[in-house]
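Worksheet: the structure to be examined is printed underneath.
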2 protein chains.
Amino acid sequence: MKYIEKLRNSGLRPTKQRLQICEILFETKKTFHFTINDLAIKIKDQTKNKISLATIYNTVHAFEKKGYLKQIPINSSQTYFDTNTTEHHHFYDLKEEKLIDLENCDVGPINIKKKIDGKKIKSVEVLVKLGD
Amino acid sequence: MKYIEKLRNSGLRPTKQRLQICEILFETKKTFHFTINDLAIKIKDQTKNKISLATIYNTVHAFEKKGYLKQIPINSSQTYFDTNTTEHHHFYDLKEEKLIDLENCDVGPINIKKKIDGKKIKSVEVLVKLGD
DNA sequence: GTTGTAGTTTATAATGATTCTAAAAAGGTG
DNA sequence: CACCTTTTTAGAATCATTATAAACTACAAC
Ligand SMILES: [Mn+2]
Ligand SMILES: [Mn+2]
Ligand SMILES: [Zn+2]
Ligand SMILES: [Zn+2]
């Protein structure tokens with residue numbers, strides 16, 4: 001019910017599909033990282049009615065544009081998204097291909113001293129690759 | 001000539017194709033960022049004989065594995081590589097889709113306080129996204 | 001409630017970067 | 001040269017993602 005308002009306030013119609021995806025993405029204490037494929041599997045498991053793959057892509061991109069999801073820059077064949085949209089950083093376990101959150105306090109403040117004329121800093125993201 | 005030794009010492013046969021790609025990638029004062037497509041265009045422009053796309057992919061991956069190139073984690077449809085293999089960071093201009101080097105001194109030391117059992121830090125990379 | 005309209009979903013096709021295949025060519029060693 | 005291994009190559013295959021366009025739906029106006 002709360003998602004109906006959230007979606008309306010964002011200019012997105014609260015469709016059955018979007019509400020179901022909201023439940024899966026945001027109805028949880030812990031935030032998490034996922035690919036479109038991960039999400040499609042979750043939807044199939046946790047939902048009676050099928051949602052087409054195109055709709056999953058559409059919805060994730062709509063939510064990302066509204067700022068409810070973040071894309072994580074990483075070299076992988078699939079795009080990773082994060083339900084934690086606060087500024088924070090990541091470990092990337094190269095063997096497991098898993099992301100792990102780093103709180104901002106785990107990294108300390110990052111001070112970018114260089115400036116580019118006419119450009120503003122939109123985000124600062126740290127990726128720490130892990131091997132064994 | 002110097003690349004013949006470099007390749008042999010790496011266990012790679014110094015073929016005509018690899019030597020030509022070495023010239024384009026490493027025979028320059030400044031390091032630079034490129035995609036496979038960028039490189040293919042450069043090869044076509046600066047070289048008489050054609051090199052097949054498969055060979056360009058093979059060669060770039062071989063050089064990356066040997067540590068002569070680095071992949072830059074970024075969300076783009078194409079993979080970006082860097083001829084600067086020292087640890088350094090990047091601005092990413094979202095509009096121009098261009099990478100700009102940040103020297104280590106432009107960012108300051110990054111202190112990762114969190115540890116994961118049995119895992120070693122392989123790299124620490126900062127990506128600063130720029131808008132206007 | 002009916003109607004009209006823009007927004008949304010969907011199956012399916014298209015795209016495009018990357019990887020695979022397997023046959024031909026080239027490097028290197030004796 | 002003869003032999004064996006590595007490399008190159010054209011073309012096919014893969015697969016995540018995006019585009020298409022027709023059917024469906026939310027919802028506001030009447
Ligand atoms: Mn995307
Ligand atoms: Mn690659
Ligand atoms: Zn995260
Ligand atoms: Zn660089």
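If you're wondering about the labels, chains in the structure tokens are A, B, ... by order shown, residues count from 1 in each chain, ligands from 1 in order shown.
Those residues of chain A that fall within 9 Å of chain D when using only C-alpha atoms (C1' of nucleotides) read Arg13, Pro14, Thr15, Tyr57, Ser77, Gln78 and Thr79 of chain A.
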>> List as a list in words the protein and nucleic acid residues lying within 12 Å of ligand 1, with only C-alpha atoms (C1' of nucleotides) and all ligand atoms counted.
In response: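 Sorted by chain and then by number, the residues are Thr35, Ile36, Ile56, Tyr57, Asn58, Thr59, Val60, His61, Ala62, Phe63, Glu64, Lys65, Leu69, Lys70, Gln71, Ile72, Pro73, Gln78, Thr79, Tyr80 and Phe81 of chain A; Asn75, Ser76 and Ser77 of chain B; DA16, DT17 and DT18 of chain D.
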Give the answer as one residue: which of B:Lys29, B:Lys50, B:His90, B:Lys98 has the shortest atom-to-atom distance to Ser123 (chain A), using only C-alpha atoms?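 Checking each candidate against Ser123 (chain A), we get B:His90 as the closest.
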If you run DSSP on the backbone here, which positions in chain B get helix (DSSP H, G or I)? Please write them as a PDB file with C-alpha atoms, in the first residue's frame.
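Okay, this is what ended up in states_21.pdb:
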ATOM      1  CA  LYS B   2      62.412  -3.732 -28.166  1.00  0.00           C
ATOM      2  CA  TYR B   3      58.942  -5.282 -28.203  1.00  0.00           C
ATOM      3  CA  ILE B   4      60.302  -8.530 -29.621  1.00  0.00           C
ATOM      4  CA  GLU B   5      62.215  -9.102 -26.396  1.00  0.00           C
ATOM      5  CA  LYS B   6      59.373  -7.916 -24.216  1.00  0.00           C
ATOM      6  CA  LEU B   7      56.987 -10.361 -25.852  1.00  0.00           C
ATOM      7  CA  ARG B   8      59.422 -13.268 -25.814  1.00  0.00           C
ATOM      8  CA  ASN B   9      60.155 -12.699 -22.152  1.00  0.00           C
ATOM      9  CA  LYS B  16      53.642  -9.113 -36.831  1.00  0.00           C
ATOM     10  CA  GLN B  17      50.180  -8.374 -35.446  1.00  0.00           C
ATOM     11  CA  ARG B  18      51.294  -8.193 -31.834  1.00  0.00           C
ATOM     12  CA  LEU B  19      54.220  -5.958 -32.703  1.00  0.00           C
ATOM     13  CA  GLN B  20      51.967  -3.564 -34.573  1.00  0.00           C
ATOM     14  CA  ILE B  21      49.573  -3.410 -31.649  1.00  0.00           C
ATOM     15  CA  CYS B  22      52.502  -2.807 -29.295  1.00  0.00           C
ATOM     16  CA  GLU B  23      53.550   0.171 -31.412  1.00  0.00           C
ATOM     17  CA  ILE B  24      50.113   1.690 -31.178  1.00  0.00           C
ATOM     18  CA  LEU B  25      49.630   1.012 -27.491  1.00  0.00           C
ATOM     19  CA  PHE B  26      53.074   1.611 -26.019  1.00  0.00           C
ATOM     20  CA  ILE B  36      38.483  -2.503 -28.553  1.00  0.00           C
ATOM     21  CA  ASN B  37      36.596  -0.489 -31.134  1.00  0.00           C
ATOM     22  CA  ASP B  38      38.854   2.547 -30.638  1.00  0.00           C
ATOM     23  CA  LEU B  39      41.866   0.327 -31.077  1.00  0.00           C
ATOM     24  CA  ALA B  40      40.468  -1.353 -34.191  1.00  0.00           C
ATOM     25  CA  ILE B  41      39.987   2.056 -35.800  1.00  0.00           C
ATOM     26  CA  LYS B  42      43.517   3.140 -34.897  1.00  0.00           C
ATOM     27  CA  ILE B  43      44.912  -0.051 -36.373  1.00  0.00           C
ATOM     28  CA  LYS B  44      42.993   0.434 -39.585  1.00  0.00           C
ATOM     29  CA  ASP B  45      44.246   4.017 -39.869  1.00  0.00           C
ATOM     30  CA  GLN B  46      47.875   3.500 -38.897  1.00  0.00           C
ATOM     31  CA  LEU B  53      38.969  -8.314 -34.868  1.00  0.00           C
ATOM     32  CA  ALA B  54      39.447 -11.690 -33.187  1.00  0.00           C
ATOM     33  CA  THR B  55      43.192 -11.054 -33.065  1.00  0.00           C
ATOM     34  CA  ILE B  56      42.664  -7.631 -31.545  1.00  0.00           C
ATOM     35  CA  TYR B  57      40.551  -9.189 -28.803  1.00  0.00           C
ATOM     36  CA  ASN B  58      43.046 -12.009 -28.311  1.00  0.00           C
ATOM     37  CA  THR B  59      45.981  -9.641 -28.114  1.00  0.00           C
ATOM     38  CA  VAL B  60      44.380  -7.183 -25.728  1.00  0.00           C
ATOM     39  CA  HIS B  61      43.383 -10.003 -23.419  1.00  0.00           C
ATOM     40  CA  ALA B  62      46.843 -11.543 -23.624  1.00  0.00           C
ATOM     41  CA  PHE B  63      48.453  -8.207 -22.774  1.00  0.00           C
ATOM     42  CA  GLU B  64      45.992  -7.682 -19.944  1.00  0.00           C
ATOM     43  CA  LYS B  65      46.794 -11.094 -18.497  1.00  0.00           C
ATOM     44  CA  LYS B  66      50.509 -10.260 -18.618  1.00  0.00           C
ATOM     45  CA  ASN B 104      47.250   9.086  -6.798  1.00  0.00           C
ATOM     46  CA  CYS B 105      48.217  12.404  -5.224  1.00  0.00           C
ATOM     47  CA  ASP B 106      44.977  13.939  -6.563  1.00  0.00           C
TER      48      ASP B 106
END
Check your understanding: When the cut-off is 8 Å and you count only C-alpha atoms (C1' of nucleotides) and all ligand atoms, which residues lie near ligand 4, shown as a list in words?
Key ->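 Those within range of ligand 4 are Thr31, Phe32, His33, Ile72, Asp82, Thr83, Asn84, Thr85, His88, His89, His90, Leu99, Ile100, Asp101 and Leu102 of chain B.
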Please save C-alpha atoms of the selected residues as a CSV table (one decimal), in the first residue's frame.
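Writing done, so here's again.csv:
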chain,number,residue,atom,x,y,z
B,31,THR,CA,49.3,6.7,-21.6
B,32,PHE,CA,45.6,6.5,-22.8
B,33,HIS,CA,42.3,4.8,-22.4
B,72,ILE,CA,38.8,-0.1,-15.9
B,82,ASP,CA,44.2,1.6,-19.9
B,83,THR,CA,47.8,1.6,-21.0
B,84,ASN,CA,48.6,3.1,-17.6
B,85,THR,CA,49.0,0.1,-15.4
B,88,HIS,CA,45.6,5.3,-10.2
B,89,HIS,CA,42.1,6.6,-10.3
B,90,HIS,CA,39.6,8.1,-12.8
B,99,LEU,CA,37.9,8.8,-18.9
B,100,ILE,CA,40.4,11.2,-17.3
B,101,ASP,CA,43.3,10.1,-15.1
B,102,LEU,CA,43.5,11.1,-11.5
_Exercise answer, chain B residues close to chain A, 7 Å and only C-alpha atoms, as a PyMOL selection string_ = chain B and resi 73-75+106-108+110-114+118-132
- request: Would you mind writing down, as a ChimeraX atom specification, each residue of chain A that DSSP on the backbone assigns to strand (DSSP E)?
  value: /A:33-35,70-72,80-82,89-93,98-102,120-131
inquiry  = For a quick check of understanding, using only C-alpha atoms (C1' of nucleotides), which of C:DG7, C:DG30, C:DG1, C:DG16 has the smallest distance to chain B?
reply    =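 Result for the nearest residue to chain B: C:DG16.
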Could you produce a table of the residues of chain C lying within 12 Å of ligand 2, with the nearest pair of atoms per residue and their separation in Å rounded to one decimal, using only C-alpha atoms (C1' of nucleotides) and all ligand atoms, ordered by chain and increasing residue number, as a Markdown table?
| residue | atom | partner | partner_atom_place_in_ligand_line | distance |
| --- | --- | --- | --- | --- |
| C:DA17 | C1' | ligand 2 | 1 (Mn) | 10.2 |
| C:DT18 | C1' | ligand 2 | 1 (Mn) | 7.6 |
| C:DT19 | C1' | ligand 2 | 1 (Mn) | 9.3 |
